[in-house]
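Shown here: run00.cif, mmCIF, N, CA, C and O atoms.
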```cif
data_start
#
loop_
_atom_site.label_atom_id
_atom_site.label_comp_id
_atom_site.auth_asym_id
_atom_site.auth_seq_id
_atom_site.Cartn_x
_atom_site.Cartn_y
_atom_site.Cartn_z
N MET B 160 -93.27 24.92 45.34
CA MET B 160 -93.79 26.26 45.17
C MET B 160 -94.45 26.71 46.47
O MET B 160 -95.02 25.91 47.18
N GLN B 161 -94.40 28.00 46.66
CA GLN B 161 -95.04 28.55 47.84
C GLN B 161 -96.48 28.92 47.52
O GLN B 161 -96.87 29.05 46.36
N ILE B 162 -97.25 29.10 48.58
CA ILE B 162 -98.69 29.34 48.42
C ILE B 162 -98.98 30.62 47.66
O ILE B 162 -99.93 30.70 46.89
N TRP B 163 -98.15 31.66 47.85
CA TRP B 163 -98.41 32.92 47.14
C TRP B 163 -98.20 32.77 45.64
O TRP B 163 -98.87 33.45 44.85
N GLN B 164 -97.32 31.87 45.21
CA GLN B 164 -97.12 31.65 43.79
C GLN B 164 -98.34 30.97 43.17
O GLN B 164 -98.76 31.30 42.06
N TYR B 165 -98.91 30.01 43.89
CA TYR B 165 -100.15 29.39 43.42
C TYR B 165 -101.28 30.42 43.35
O TYR B 165 -102.07 30.42 42.41
N LEU B 166 -101.34 31.28 44.32
CA LEU B 166 -102.38 32.31 44.35
C LEU B 166 -102.23 33.28 43.18
O LEU B 166 -103.22 33.65 42.54
N VAL B 167 -101.01 33.67 42.86
CA VAL B 167 -100.77 34.56 41.73
C VAL B 167 -101.19 33.90 40.42
O VAL B 167 -101.84 34.53 39.58
N MET B 168 -100.85 32.63 40.24
CA MET B 168 -101.24 31.93 39.01
C MET B 168 -102.76 31.81 38.91
O MET B 168 -103.35 32.00 37.85
N PHE B 169 -103.42 31.50 40.02
CA PHE B 169 -104.87 31.37 40.03
C PHE B 169 -105.54 32.70 39.71
O PHE B 169 -106.47 32.76 38.89
N LEU B 170 -105.05 33.77 40.31
CA LEU B 170 -105.63 35.09 40.05
C LEU B 170 -105.37 35.55 38.63
O LEU B 170 -106.21 36.23 38.02
N ALA B 171 -104.22 35.20 38.07
CA ALA B 171 -103.92 35.57 36.69
C ALA B 171 -104.92 34.93 35.72
O ALA B 171 -105.38 35.58 34.78
N VAL B 172 -105.28 33.69 35.99
CA VAL B 172 -106.26 33.02 35.14
C VAL B 172 -107.63 33.66 35.29
O VAL B 172 -108.34 33.90 34.31
N LEU B 173 -108.02 33.97 36.52
CA LEU B 173 -109.32 34.62 36.74
C LEU B 173 -109.38 35.99 36.09
O LEU B 173 -110.38 36.34 35.44
N ILE B 174 -108.33 36.77 36.23
CA ILE B 174 -108.32 38.11 35.63
C ILE B 174 -108.32 38.01 34.10
O ILE B 174 -109.07 38.74 33.42
N GLY B 175 -107.53 37.10 33.54
CA GLY B 175 -107.52 36.92 32.09
C GLY B 175 -108.87 36.47 31.55
O GLY B 175 -109.32 36.95 30.51
N GLY B 176 -109.53 35.57 32.27
CA GLY B 176 -110.86 35.13 31.85
C GLY B 176 -111.88 36.26 31.92
O GLY B 176 -112.73 36.40 31.05
N GLY B 177 -111.79 37.07 32.96
CA GLY B 177 -112.70 38.21 33.09
C GLY B 177 -112.49 39.22 31.98
O GLY B 177 -113.46 39.77 31.42
N ILE B 178 -111.23 39.48 31.63
CA ILE B 178 -110.94 40.40 30.54
C ILE B 178 -111.48 39.84 29.22
O ILE B 178 -112.06 40.57 28.41
N ALA B 179 -111.32 38.55 29.01
CA ALA B 179 -111.82 37.92 27.78
C ALA B 179 -113.34 38.04 27.68
O ALA B 179 -113.88 38.30 26.61
N LEU B 180 -114.03 37.85 28.81
CA LEU B 180 -115.49 37.99 28.78
C LEU B 180 -115.92 39.42 28.47
O LEU B 180 -116.88 39.64 27.73
N GLN B 181 -115.23 40.40 29.02
CA GLN B 181 -115.55 41.79 28.74
C GLN B 181 -115.29 42.15 27.28
O GLN B 181 -116.07 42.86 26.66
N ILE B 182 -114.19 41.66 26.73
CA ILE B 182 -113.88 41.92 25.33
C ILE B 182 -114.93 41.27 24.43
O ILE B 182 -115.38 41.86 23.45
N LYS B 183 -115.33 40.05 24.78
CA LYS B 183 -116.31 39.32 23.96
C LYS B 183 -117.63 40.06 23.91
O LYS B 183 -118.28 40.14 22.87
N ARG B 184 -118.02 40.64 25.03
CA ARG B 184 -119.31 41.33 25.07
C ARG B 184 -119.31 42.64 24.31
O ARG B 184 -120.31 43.02 23.72
N HIS B 185 -118.18 43.34 24.31
CA HIS B 185 -118.18 44.70 23.80
C HIS B 185 -117.44 44.88 22.48
O HIS B 185 -117.79 45.75 21.70
N HIS B 186 -116.42 44.10 22.23
CA HIS B 186 -115.57 44.34 21.07
C HIS B 186 -115.29 43.03 20.35
O HIS B 186 -114.32 42.34 20.61
N LYS B 187 -116.13 42.70 19.39
CA LYS B 187 -115.94 41.44 18.67
C LYS B 187 -114.73 41.48 17.74
O LYS B 187 -114.06 40.48 17.54
N LYS B 188 -114.41 42.65 17.17
CA LYS B 188 -113.24 42.76 16.30
C LYS B 188 -111.95 42.57 17.09
O LYS B 188 -111.00 41.95 16.62
N VAL B 189 -111.91 43.15 18.28
CA VAL B 189 -110.71 43.02 19.12
C VAL B 189 -110.51 41.57 19.52
O VAL B 189 -109.38 41.09 19.59
N LEU B 190 -111.59 40.84 19.76
CA LEU B 190 -111.49 39.43 20.13
C LEU B 190 -110.83 38.62 19.03
O LEU B 190 -110.01 37.75 19.30
N LYS B 191 -111.17 38.91 17.78
CA LYS B 191 -110.54 38.19 16.67
C LYS B 191 -109.04 38.46 16.63
O LYS B 191 -108.24 37.55 16.39
N ILE B 192 -108.64 39.69 16.89
CA ILE B 192 -107.21 40.02 16.88
C ILE B 192 -106.50 39.33 18.03
O ILE B 192 -105.40 38.78 17.87
N VAL B 193 -107.11 39.31 19.20
CA VAL B 193 -106.51 38.67 20.36
C VAL B 193 -106.37 37.16 20.13
O VAL B 193 -105.35 36.56 20.47
N LEU B 194 -107.38 36.54 19.54
CA LEU B 194 -107.31 35.11 19.24
C LEU B 194 -106.23 34.82 18.21
O LEU B 194 -105.52 33.81 18.31
N SER B 195 -106.08 35.68 17.22
CA SER B 195 -105.01 35.50 16.24
C SER B 195 -103.64 35.61 16.89
O SER B 195 -102.74 34.83 16.61
N PHE B 196 -103.49 36.59 17.78
CA PHE B 196 -102.22 36.75 18.48
C PHE B 196 -101.91 35.54 19.35
O PHE B 196 -100.77 35.06 19.36
N SER B 197 -102.90 35.03 20.07
CA SER B 197 -102.65 33.88 20.94
C SER B 197 -102.32 32.63 20.11
O SER B 197 -101.46 31.83 20.50
N GLY B 198 -102.96 32.46 18.97
CA GLY B 198 -102.62 31.33 18.10
C GLY B 198 -101.21 31.45 17.55
O GLY B 198 -100.47 30.47 17.50
N ALA B 199 -100.82 32.66 17.17
CA ALA B 199 -99.46 32.87 16.68
C ALA B 199 -98.44 32.65 17.79
O ALA B 199 -97.35 32.12 17.55
N TYR B 200 -98.78 33.04 18.99
CA TYR B 200 -97.88 32.84 20.13
C TYR B 200 -97.65 31.35 20.39
O TYR B 200 -96.52 30.91 20.55
N LEU B 201 -98.74 30.58 20.38
CA LEU B 201 -98.60 29.13 20.59
C LEU B 201 -97.83 28.46 19.45
O LEU B 201 -97.02 27.56 19.68
N LEU B 202 -98.05 28.91 18.23
CA LEU B 202 -97.30 28.38 17.10
C LEU B 202 -95.82 28.71 17.23
O LEU B 202 -94.96 27.86 16.97
N GLY B 203 -95.51 29.92 17.66
CA GLY B 203 -94.12 30.31 17.86
C GLY B 203 -93.43 29.48 18.92
O GLY B 203 -92.28 29.07 18.77
N ILE B 204 -94.13 29.23 20.02
CA ILE B 204 -93.56 28.38 21.08
C ILE B 204 -93.30 26.98 20.54
O ILE B 204 -92.26 26.39 20.80
N THR B 205 -94.24 26.47 19.78
CA THR B 205 -94.08 25.13 19.23
C THR B 205 -92.89 25.05 18.30
O THR B 205 -92.06 24.14 18.41
N VAL B 206 -92.77 26.01 17.41
CA VAL B 206 -91.69 25.97 16.43
C VAL B 206 -90.33 26.21 17.08
O VAL B 206 -89.35 25.55 16.74
N LEU B 207 -90.25 27.16 18.01
CA LEU B 207 -88.96 27.53 18.57
C LEU B 207 -88.48 26.65 19.71
O LEU B 207 -87.28 26.52 19.93
N HIS B 208 -89.40 26.02 20.44
CA HIS B 208 -88.99 25.25 21.61
C HIS B 208 -89.23 23.75 21.49
O HIS B 208 -88.38 22.95 21.84
N LEU B 209 -90.39 23.37 21.01
CA LEU B 209 -90.73 21.95 21.02
C LEU B 209 -90.16 21.18 19.83
O LEU B 209 -89.63 20.08 20.00
N LEU B 210 -90.27 21.73 18.64
CA LEU B 210 -89.81 20.99 17.46
C LEU B 210 -88.31 20.75 17.42
O LEU B 210 -87.89 19.65 17.02
N PRO B 211 -87.46 21.70 17.81
CA PRO B 211 -86.03 21.38 17.79
C PRO B 211 -85.66 20.19 18.69
O PRO B 211 -84.82 19.37 18.32
N SER B 212 -86.30 20.07 19.82
CA SER B 212 -86.00 18.93 20.69
C SER B 212 -86.55 17.62 20.11
O SER B 212 -85.99 16.56 20.34
N VAL B 213 -87.62 17.71 19.34
CA VAL B 213 -88.18 16.50 18.71
C VAL B 213 -87.29 16.04 17.57
O VAL B 213 -87.06 14.84 17.39
N PHE B 214 -86.75 16.98 16.80
CA PHE B 214 -85.90 16.63 15.66
C PHE B 214 -84.47 16.34 16.05
O PHE B 214 -83.62 16.14 15.20
N PHE B 215 -84.17 16.29 17.33
CA PHE B 215 -82.81 16.02 17.79
C PHE B 215 -82.36 14.62 17.39
O PHE B 215 -81.21 14.40 17.05
N ARG B 216 -83.30 13.67 17.40
CA ARG B 216 -82.97 12.30 16.99
C ARG B 216 -83.12 12.18 15.47
O ARG B 216 -84.17 12.47 14.92
N PRO B 217 -82.08 11.72 14.77
CA PRO B 217 -82.17 11.65 13.30
C PRO B 217 -83.12 10.57 12.79
O PRO B 217 -83.64 10.68 11.70
N GLU B 218 -83.38 9.53 13.57
CA GLU B 218 -84.27 8.47 13.08
C GLU B 218 -85.74 8.78 13.32
O GLU B 218 -86.61 7.96 13.03
N SER B 219 -86.04 9.96 13.83
CA SER B 219 -87.41 10.34 14.14
C SER B 219 -88.21 10.59 12.86
O SER B 219 -87.73 11.18 11.90
N THR B 220 -89.46 10.12 12.83
CA THR B 220 -90.35 10.33 11.70
C THR B 220 -91.42 11.38 12.02
O THR B 220 -92.45 11.43 11.36
N ILE B 221 -91.15 12.21 13.01
CA ILE B 221 -92.15 13.17 13.45
C ILE B 221 -92.47 14.21 12.37
O ILE B 221 -93.58 14.71 12.29
N GLY B 222 -91.50 14.52 11.52
CA GLY B 222 -91.74 15.49 10.44
C GLY B 222 -92.84 15.06 9.50
O GLY B 222 -93.66 15.87 9.07
N ILE B 223 -92.86 13.78 9.18
CA ILE B 223 -93.91 13.24 8.31
C ILE B 223 -95.27 13.37 8.98
O ILE B 223 -96.26 13.76 8.35
N TRP B 224 -95.34 13.07 10.28
CA TRP B 224 -96.60 13.17 11.01
C TRP B 224 -97.08 14.61 11.12
O TRP B 224 -98.28 14.88 11.05
N ILE B 225 -96.16 15.54 11.27
CA ILE B 225 -96.54 16.96 11.31
C ILE B 225 -97.11 17.39 9.98
O ILE B 225 -98.13 18.10 9.92
N LEU B 226 -96.48 16.99 8.87
CA LEU B 226 -97.01 17.33 7.56
C LEU B 226 -98.37 16.70 7.31
O LEU B 226 -99.28 17.33 6.75
N ILE B 227 -98.55 15.46 7.72
CA ILE B 227 -99.86 14.80 7.57
C ILE B 227 -100.92 15.56 8.35
O ILE B 227 -102.02 15.81 7.85
N GLY B 228 -100.60 15.94 9.58
CA GLY B 228 -101.55 16.71 10.39
C GLY B 228 -101.87 18.06 9.78
O GLY B 228 -103.02 18.50 9.81
N PHE B 229 -100.87 18.71 9.22
CA PHE B 229 -101.10 19.99 8.56
C PHE B 229 -102.06 19.85 7.38
O PHE B 229 -103.00 20.64 7.23
N PHE B 230 -101.83 18.85 6.55
CA PHE B 230 -102.69 18.67 5.39
C PHE B 230 -104.09 18.20 5.77
O PHE B 230 -105.07 18.57 5.12
N ILE B 231 -104.21 17.42 6.83
CA ILE B 231 -105.54 17.04 7.31
C ILE B 231 -106.29 18.28 7.81
O ILE B 231 -107.49 18.44 7.55
N GLN B 232 -105.57 19.17 8.49
CA GLN B 232 -106.19 20.40 8.97
C GLN B 232 -106.65 21.25 7.80
O GLN B 232 -107.75 21.83 7.83
N LEU B 233 -105.85 21.35 6.75
CA LEU B 233 -106.26 22.10 5.56
C LEU B 233 -107.49 21.47 4.92
O LEU B 233 -108.41 22.19 4.49
N LEU B 234 -107.53 20.15 4.84
CA LEU B 234 -108.68 19.46 4.25
C LEU B 234 -109.94 19.71 5.08
O LEU B 234 -111.00 20.02 4.53
N LEU B 235 -109.82 19.61 6.41
CA LEU B 235 -110.97 19.84 7.26
C LEU B 235 -111.46 21.29 7.18
O LEU B 235 -112.67 21.55 7.19
N GLU B 236 -110.53 22.21 7.07
CA GLU B 236 -110.93 23.61 6.93
C GLU B 236 -111.64 23.85 5.61
O GLU B 236 -112.62 24.59 5.55
N ARG B 237 -111.15 23.21 4.56
CA ARG B 237 -111.77 23.36 3.24
C ARG B 237 -113.18 22.75 3.24
O ARG B 237 -114.11 23.31 2.67
N LEU B 238 -113.36 21.62 3.89
CA LEU B 238 -114.66 20.94 3.92
C LEU B 238 -115.68 21.67 4.79
O LEU B 238 -116.87 21.73 4.47
N SER B 239 -115.23 22.26 5.90
CA SER B 239 -116.17 22.87 6.83
C SER B 239 -116.43 24.35 6.54
O SER B 239 -117.45 24.88 6.94
N GLN B 240 -115.50 24.99 5.85
CA GLN B 240 -115.60 26.41 5.53
C GLN B 240 -115.88 27.20 6.78
O GLN B 240 -116.67 28.00 6.97
#
```

File written out as structure tokens:
Amino acid sequence: MQIWQYLVMFLAVLIGGGIALQIKRHHKKVLKIVLSFSGAYLLGITVLHLLPSVFFRPESTIGIWILIGFFIQLLLERLSQ
């Protein structure tokens, strides 16, 4: 990679962080929507890109581990409210 590409990535993170701080200070409702969108985006990436490559091998038991993790997350959410 060239130096300008590193600089663009670094500045993108700084600008995104600054925008997040401004939203947090002034608009708490908007922050909840943005966090929901980012969580949905990460879930979409996981489902569409990562899981198909994991399930490529038929002897893989990753599906069971994903279900166990899902149910543990539900249990922890129920306990912590």

Between atom CA of B:Ile223 and atom CA of B:Leu238 - distance in Å to one decimal: 22.6 Å

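Of note, atom CA of B:Trp224 and atom CA of B:Leu210 are spaced 12.2 Å apart.
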
Please enclose the listed atoms of stretch 234-238 of chain B in an axis-aligned box, pad each side by 3 Å, and write out the centre and the three edge lengths in Å, rounded to one decimal, as JSON.
```
{"center_x": -112.2, "center_y": 22.0, "center_z": 5.0, "size_x": 15.3, "size_y": 11.1, "size_z": 10.6}
```

Write out as a VMD selection string all residues of chain B that backbone DSSP assigns to alpha helix (DSSP H). chain B and resid 162 to 185 187 to 204 210 to 213 221 to 239

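Straight-line separation from atom O of B:Arg216 to atom N of B:Tyr200: 25.6 Å.
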